[in-house]
file target.cif (mmCIF, C-alpha atoms)
data_run
loop_
_atom_site.label_atom_id
_atom_site.label_comp_id
_atom_site.auth_asym_id
_atom_site.auth_seq_id
_atom_site.Cartn_x
_atom_site.Cartn_y
_atom_site.Cartn_z
CA MET D 28 0.00 0.00 0.00
CA ILE D 29 1.06 3.54 -0.72
CA PRO D 30 1.09 5.68 2.43
CA LYS D 31 -1.46 8.49 2.68
CA GLU D 32 1.32 11.06 3.13
CA PHE D 33 2.57 10.23 -0.36
CA PHE D 34 -0.55 11.69 -1.96
CA LEU D 35 -0.32 14.84 0.12
CA ASN D 36 3.20 15.60 -1.14
CA LYS D 37 2.96 17.77 -4.28
CA LYS D 38 6.25 16.57 -5.79
CA ALA D 39 5.28 12.95 -5.29
CA ARG D 40 1.94 13.53 -7.04
CA GLN D 41 3.69 15.21 -9.97
CA ARG D 42 6.17 12.33 -10.25
CA LEU D 43 3.33 9.80 -10.17
CA LEU D 44 1.51 11.76 -12.88
CA GLN D 45 4.67 11.87 -15.03
CA VAL D 46 5.22 8.13 -14.70
CA GLY D 47 1.57 7.44 -15.50
CA MET D 48 1.70 9.64 -18.60
CA GLY D 49 4.92 7.95 -19.73
CA ILE D 50 3.34 4.51 -19.42
CA GLY D 51 0.24 5.76 -21.24
CA LEU D 52 2.32 7.12 -24.14
CA LEU D 53 4.21 3.85 -24.42
CA LEU D 54 0.92 1.93 -24.61
CA LEU D 55 -0.40 4.36 -27.23
CA ALA D 56 2.76 3.97 -29.34
CA PHE D 57 2.49 0.18 -29.10
CA LEU D 58 -1.16 0.23 -30.19
CA LEU D 59 -0.39 2.53 -33.13
CA GLU D 60 2.44 0.22 -34.20
CA MET D 61 0.11 -2.78 -34.15
CA VAL D 62 -2.87 -1.13 -35.87
CA ALA D 63 -1.73 1.73 -38.10
CA ILE D 64 1.72 0.71 -39.34
CA GLU D 65 2.05 -1.54 -42.38
CA PRO D 66 3.72 -4.90 -41.77
CA PRO D 67 7.02 -5.58 -43.53
CA GLY D 68 6.85 -7.37 -46.88
CA ILE D 69 6.60 -6.83 -50.62
CA TYR D 70 3.61 -4.81 -51.78
CA SER D 71 2.42 -5.28 -55.36
CA TYR D 72 0.37 -2.61 -57.17
CA SER D 73 -1.00 -3.25 -60.66
CA GLN D 74 -4.37 -1.48 -60.71
CA ARG D 75 -4.11 2.03 -59.26
CA GLY D 76 -0.47 2.28 -58.20
CA TYR D 77 1.15 3.59 -55.03
CA LYS D 78 0.81 7.26 -54.06
CA GLY D 79 2.16 9.36 -56.99
CA PHE D 80 3.36 6.27 -58.86
CA LYS D 81 0.11 5.75 -60.77
CA ILE D 82 -0.34 2.83 -63.14
CA GLY D 83 -0.32 4.13 -66.72
CA LEU D 84 2.20 6.93 -66.08
CA SER D 85 4.70 7.64 -68.84
CA ARG D 86 8.42 7.21 -68.16
CA GLU D 87 8.85 10.99 -67.96
CA GLY D 88 5.92 11.27 -65.54
CA LEU D 89 7.31 8.51 -63.36
CA LEU D 90 10.74 10.13 -63.31
CA ARG D 91 9.11 13.40 -62.16
CA GLU D 92 7.39 11.50 -59.32
CA ILE D 93 10.65 9.72 -58.38
CA ASN D 94 12.39 13.10 -58.19
CA LYS D 95 9.77 14.22 -55.63
CA VAL D 96 10.83 11.42 -53.25
CA THR D 97 14.01 12.75 -51.66
CA ALA D 98 14.79 9.37 -50.08
CA ILE D 99 15.37 7.75 -53.51
CA ARG D 100 19.06 8.12 -54.25
CA ARG D 101 19.65 5.41 -56.87
CA ILE D 102 17.96 4.05 -60.01
CA ILE D 103 19.04 0.84 -61.68
CA ALA D 104 17.75 0.64 -65.25
CA CYS D 105 17.50 -2.96 -66.38
CA GLU D 106 17.99 -2.68 -70.12
CA PRO D 107 17.35 -5.64 -72.37
CA ASN D 108 21.06 -6.55 -72.57
CA SER D 109 22.68 -4.69 -69.66
CA SER D 110 21.98 -2.47 -66.69
CA GLN D 111 22.70 1.16 -65.91
CA ASP D 112 23.16 2.40 -62.33
CA LEU D 113 22.35 6.08 -61.69
CA LYS D 114 23.26 7.49 -58.27
CA LEU D 115 22.67 10.88 -56.71
CA THR D 116 25.43 12.28 -54.55
CA SER D 117 23.72 15.61 -53.92
CA ARG D 118 20.03 16.52 -54.08
CA ARG D 119 20.06 17.07 -57.81
CA PHE D 120 17.31 15.49 -59.85
CA PHE D 121 17.56 12.38 -61.99
CA GLU D 122 17.48 13.11 -65.71
CA MET D 123 16.11 10.90 -68.46
CA THR D 124 18.85 8.86 -70.13
CA ASP D 125 18.86 6.43 -73.05
CA GLY D 126 19.18 3.59 -70.54
CA LEU D 127 16.00 4.68 -68.73
CA ILE D 128 14.15 5.04 -72.04
CA GLN D 129 15.14 1.56 -73.27
CA SER D 130 14.67 -0.22 -69.96
CA HIS D 131 11.49 -2.15 -69.13
CA VAL D 132 12.33 -2.33 -65.40
CA TRP D 133 13.59 0.36 -63.02
CA ILE D 134 14.80 -0.47 -59.53
CA CYS D 135 14.91 2.45 -57.11
CA ARG D 136 16.86 2.37 -53.85
CA GLY D 137 17.40 4.96 -51.23
CA LYS D 138 17.69 5.88 -47.62
CA LYS D 139 15.12 5.01 -44.97
CA LYS D 140 14.37 1.45 -46.14
CA VAL D 141 13.04 2.57 -49.53
CA GLY D 142 12.86 -0.02 -52.30
CA PHE D 143 10.75 0.16 -55.46
CA LEU D 144 10.62 -1.88 -58.65
CA PHE D 145 8.79 -0.35 -61.62
CA ILE D 146 7.77 -2.52 -64.58
CA PHE D 147 6.78 -0.95 -67.90
CA GLN D 148 4.68 -2.30 -70.75
CA GLY D 149 5.50 -0.23 -73.79
CA ASP D 150 5.99 3.31 -72.54
CA ARG D 151 3.53 3.07 -69.63
CA LEU D 152 3.95 1.96 -66.04
CA ALA D 153 2.24 -1.43 -65.62
CA ARG D 154 3.27 -2.55 -62.13
CA VAL D 155 4.90 -1.23 -58.96
CA LEU D 156 6.53 -3.44 -56.34
CA ARG D 157 7.48 -1.83 -53.03
CA LEU D 158 9.72 -3.42 -50.41
CA LYS D 159 8.78 -2.47 -46.86
CA SER D 160 11.39 -3.90 -44.57
CA SER D 161 12.28 -3.27 -40.95
CA PHE D 162 15.96 -3.83 -41.68
CA PHE D 163 16.73 -2.97 -45.30
CA LYS D 164 20.10 -4.44 -46.14
CA GLU D 165 21.80 -5.79 -49.24
CA GLY D 166 20.52 -9.23 -50.04
CA ALA D 167 17.09 -8.47 -48.59
CA SER D 168 15.57 -9.50 -51.92
CA PRO D 169 17.27 -9.99 -55.28
CA LEU D 170 14.40 -8.07 -56.90
CA PHE D 171 15.50 -4.84 -55.23
CA ASP D 172 19.28 -5.37 -55.33
CA ARG D 173 20.08 -6.06 -58.99
CA CYS D 174 18.55 -6.76 -62.39
CA GLU D 175 17.07 -10.25 -62.64
CA PRO D 176 15.69 -10.47 -66.21
CA GLU D 177 14.73 -14.15 -65.87
CA ILE D 178 12.34 -13.31 -63.01
CA TYR D 179 10.35 -10.45 -64.62
CA PRO D 180 8.26 -12.48 -67.12
CA GLU D 181 7.05 -14.77 -64.29
CA MET D 182 6.89 -12.18 -61.49
CA ASP D 183 3.81 -13.61 -59.73
CA GLY D 184 5.29 -17.11 -59.73
CA TYR D 185 8.54 -15.81 -58.27
CA LEU D 186 6.69 -13.88 -55.56
CA GLU D 187 4.72 -16.99 -54.58
CA ARG D 188 7.85 -19.17 -54.42
CA GLN D 189 10.07 -16.81 -52.41
CA THR D 190 9.82 -17.23 -48.65
CA THR D 191 11.81 -14.23 -47.37
CA HIS D 192 8.99 -11.66 -47.44
CA GLU D 193 5.24 -11.78 -47.07
CA ILE D 194 3.42 -10.58 -50.22
CA PHE D 195 0.56 -8.04 -50.15
CA TYR D 196 -1.50 -7.28 -53.25
CA GLU D 197 -3.43 -4.09 -54.00
CA HIS D 198 -7.13 -4.25 -53.14
CA GLU D 199 -9.89 -2.75 -55.24
#
call {"tool": "encode", "arguments": {"input": "target.cif", "output": "structure tokens"}}
result
Amino acid sequence: MIPKEFFLNKKARQRLLQVGMGIGLLLLAFLLEMVAIEPPGIYSYSQRGYKGFKIGLSREGLLREINKVTAIRRIIACEPNSSQDLKLTSRRFFEMTDGLIQSHVWICRGKKKVGFLFIFQGDRLARVLRLKSSFFKEGASPLFDRCEPEIYPEMDGYLERQTTHEIFYEHE
């Protein structure tokens, strides 16, 4: 039992209130983490897209949207016969290159656990894959590390077979 004198002491009441508020904030943060935060995994978008990365965007339009995301610092353009790696060292913008124009797949990497894979059909964006990982490190998924041209034609089959990440598909 807490002695009655404890509640009469103003400093003790303030300390008790501070501890109670601290515990309450920790519980609130835990509940938000469980309810509002997306779980780690690979998210696939093929109907509407993800945020500004809308399905049907042109290459130029997608590059404009990529340039709005300051966390993206690298684009790997998977050309039919090779790959091109574009890196930003300052906060300049990416510019359209021949490699980006010819490529059917762009892989974007950056700070803060950012990983995107953009797949084009013709000149339009057809699919977006987003890697949401708690600990984004090299080797997290070959899809987001390097060009894998043998995987792209059978993307859904590859996603079903891999066991590293849970897969989440876009809902209507």
call {"tool": "resolve_selection", "arguments": {"input": "target.cif", "expression": "the PyMOL selection byres ((chain D and resi 71) around 6)", "output": "list in words"}}
result
Tyr70, Tyr72, Val155, Leu156 and Tyr196 of chain D
call {"tool": "resolve_selection", "arguments": {"input": "target.cif", "expression": "the PyMOL selection byres ((chain D and resi 105) around 6)", "output": "number ranges by chain"}}
result
D: 104, 106, 110, 130, 132, 174
call {"tool": "residues_near_point", "arguments": {"input": "target.cif", "point": "(6.0, 3.3, -63.8)", "cutoff": "9 Å", "atoms": "all atoms listed in the file", "output": "number ranges by chain"}}
result
D: 76, 80-86, 88-90, 132-133, 144-147, 150-155
call {"tool": "closest_residue", "arguments": {"input": "target.cif", "among": "D:Arg173, D:Arg157, D:Arg91, D:Arg100", "to": "D:Glu193", "atoms": "only C-alpha atoms"}}
result
D:Arg157
call {"tool": "residues_around", "arguments": {"input": "target.cif", "residues": "D:Lys159", "least_positions_apart": "4", "cutoff": "8 Å", "atoms": "only C-alpha atoms", "output": "list in words"}}
result
Pro66, Pro67, Gly68, Ile69, Tyr70, Lys140, Val141 and Gly142 of chain D
call {"tool": "axis_aligned_box", "arguments": {"input": "target.cif", "around": "stretch 69-80 of chain D", "padding_each_side": "6 Å", "output": "JSON"}}
result
{"center_x": 1.1, "center_y": 1.3, "center_z": -55.7, "size_x": 23.0, "size_y": 28.2, "size_z": 22.1}
call {"tool": "atom_distance", "arguments": {"input": "target.cif", "atom1": "atom CA of D:Thr124", "atom2": "atom CA of D:Gln111"}}
result
9.6 Å
call {"tool": "atom_distance", "arguments": {"input": "target.cif", "atom1": "atom CA of D:His192", "atom2": "atom CA of D:Leu170"}}
result
11.5 Å
call {"tool": "closest_residue", "arguments": {"input": "target.cif", "among": "D:Gly137, D:Leu158, D:Pro107, D:Tyr179", "to": "D:Tyr77", "atoms": "only C-alpha atoms"}}
result
D:Leu158
call {"tool": "resolve_selection", "arguments": {"input": "target.cif", "expression": "the PyMOL selection byres ((chain D and resi 94) around 12)", "output": "mmCIF file with C-alpha atoms, keeping the file's coordinate frame"}}
result
data_model
loop_
_atom_site.group_PDB
_atom_site.id
_atom_site.type_symbol
_atom_site.label_atom_id
_atom_site.label_comp_id
_atom_site.auth_asym_id
_atom_site.auth_seq_id
_atom_site.Cartn_x
_atom_site.Cartn_y
_atom_site.Cartn_z
ATOM 1 C CA GLY D 79 2.160 9.360 -56.990
ATOM 2 C CA PHE D 80 3.360 6.270 -58.860
ATOM 3 C CA GLU D 87 8.850 10.990 -67.960
ATOM 4 C CA GLY D 88 5.920 11.270 -65.540
ATOM 5 C CA LEU D 89 7.310 8.510 -63.360
ATOM 6 C CA LEU D 90 10.740 10.130 -63.310
ATOM 7 C CA ARG D 91 9.110 13.400 -62.160
ATOM 8 C CA GLU D 92 7.390 11.500 -59.320
ATOM 9 C CA ILE D 93 10.650 9.720 -58.380
ATOM 10 C CA LYS D 95 9.770 14.220 -55.630
ATOM 11 C CA VAL D 96 10.830 11.420 -53.250
ATOM 12 C CA THR D 97 14.010 12.750 -51.660
ATOM 13 C CA ALA D 98 14.790 9.370 -50.080
ATOM 14 C CA ILE D 99 15.370 7.750 -53.510
ATOM 15 C CA ARG D 100 19.060 8.120 -54.250
ATOM 16 C CA ARG D 101 19.650 5.410 -56.870
ATOM 17 C CA ILE D 102 17.960 4.050 -60.010
ATOM 18 C CA LEU D 115 22.670 10.880 -56.710
ATOM 19 C CA ARG D 118 20.030 16.520 -54.080
ATOM 20 C CA ARG D 119 20.060 17.070 -57.810
ATOM 21 C CA PHE D 120 17.310 15.490 -59.850
ATOM 22 C CA PHE D 121 17.560 12.380 -61.990
ATOM 23 C CA GLU D 122 17.480 13.110 -65.710
ATOM 24 C CA MET D 123 16.110 10.900 -68.460
ATOM 25 C CA CYS D 135 14.910 2.450 -57.110
ATOM 26 C CA GLY D 137 17.400 4.960 -51.230
#
call {"tool": "atom_distance", "arguments": {"input": "target.cif", "atom1": "atom CA of D:His131", "atom2": "atom CA of D:Gly149"}}
result
7.8 Å
call {"tool": "build_atoms", "arguments": {"input": "target.cif", "residues": "stretch 132-146 of chain D", "atoms": "N, CA, C and O atoms", "output": "mmCIF file, in the frame of the given file"}}
result
data_model
loop_
_atom_site.group_PDB
_atom_site.id
_atom_site.type_symbol
_atom_site.label_atom_id
_atom_site.label_comp_id
_atom_site.auth_asym_id
_atom_site.auth_seq_id
_atom_site.Cartn_x
_atom_site.Cartn_y
_atom_site.Cartn_z
ATOM 1 N N VAL D 132 12.396 -2.216 -66.859
ATOM 2 C CA VAL D 132 12.330 -2.330 -65.400
ATOM 3 C C VAL D 132 13.277 -1.306 -64.783
ATOM 4 O O VAL D 132 14.429 -1.201 -65.187
ATOM 5 N N TRP D 133 12.763 -0.551 -63.810
ATOM 6 C CA TRP D 133 13.590 0.360 -63.020
ATOM 7 C C TRP D 133 13.549 -0.102 -61.581
ATOM 8 O O TRP D 133 12.472 -0.388 -61.045
ATOM 9 N N ILE D 134 14.707 -0.156 -60.954
ATOM 10 C CA ILE D 134 14.800 -0.470 -59.530
ATOM 11 C C ILE D 134 15.276 0.794 -58.825
ATOM 12 O O ILE D 134 16.298 1.367 -59.211
ATOM 13 N N CYS D 135 14.548 1.236 -57.844
ATOM 14 C CA CYS D 135 14.910 2.450 -57.110
ATOM 15 C C CYS D 135 15.256 2.090 -55.672
ATOM 16 O O CYS D 135 14.521 1.370 -55.006
ATOM 17 N N ARG D 136 16.386 2.616 -55.224
ATOM 18 C CA ARG D 136 16.860 2.370 -53.850
ATOM 19 C C ARG D 136 17.156 3.711 -53.206
ATOM 20 O O ARG D 136 17.475 4.678 -53.875
ATOM 21 N N GLY D 137 17.087 3.723 -51.916
ATOM 22 C CA GLY D 137 17.400 4.960 -51.230
ATOM 23 C C GLY D 137 17.599 4.774 -49.754
ATOM 24 O O GLY D 137 17.794 3.666 -49.265
ATOM 25 N N LYS D 138 17.554 5.895 -49.068
ATOM 26 C CA LYS D 138 17.690 5.880 -47.620
ATOM 27 C C LYS D 138 16.350 5.469 -47.019
ATOM 28 O O LYS D 138 15.355 5.351 -47.705
ATOM 29 N N LYS D 139 16.347 5.260 -45.740
ATOM 30 C CA LYS D 139 15.120 5.010 -44.970
ATOM 31 C C LYS D 139 14.344 3.802 -45.471
ATOM 32 O O LYS D 139 13.130 3.845 -45.629
ATOM 33 N N LYS D 140 15.020 2.714 -45.781
ATOM 34 C CA LYS D 140 14.370 1.450 -46.140
ATOM 35 C C LYS D 140 13.470 1.557 -47.367
ATOM 36 O O LYS D 140 12.428 0.955 -47.438
ATOM 37 N N VAL D 141 13.834 2.383 -48.337
ATOM 38 C CA VAL D 141 13.040 2.570 -49.530
ATOM 39 C C VAL D 141 13.491 1.589 -50.602
ATOM 40 O O VAL D 141 14.676 1.486 -50.885
ATOM 41 N N GLY D 142 12.560 0.871 -51.193
ATOM 42 C CA GLY D 142 12.860 -0.020 -52.300
ATOM 43 C C GLY D 142 11.656 -0.123 -53.216
ATOM 44 O O GLY D 142 10.567 -0.479 -52.768
ATOM 45 N N PHE D 143 11.829 0.238 -54.481
ATOM 46 C CA PHE D 143 10.750 0.160 -55.460
ATOM 47 C C PHE D 143 11.251 -0.564 -56.701
ATOM 48 O O PHE D 143 12.423 -0.450 -57.055
ATOM 49 N N LEU D 144 10.348 -1.269 -57.364
ATOM 50 C CA LEU D 144 10.620 -1.880 -58.650
ATOM 51 C C LEU D 144 9.471 -1.479 -59.566
ATOM 52 O O LEU D 144 8.308 -1.709 -59.226
ATOM 53 N N PHE D 145 9.795 -0.830 -60.670
ATOM 54 C CA PHE D 145 8.790 -0.350 -61.620
ATOM 55 C C PHE D 145 8.907 -1.166 -62.894
ATOM 56 O O PHE D 145 9.988 -1.284 -63.458
ATOM 57 N N ILE D 146 7.793 -1.721 -63.361
ATOM 58 C CA ILE D 146 7.770 -2.520 -64.580
ATOM 59 C C ILE D 146 6.907 -1.801 -65.614
ATOM 60 O O ILE D 146 5.779 -1.400 -65.318
#
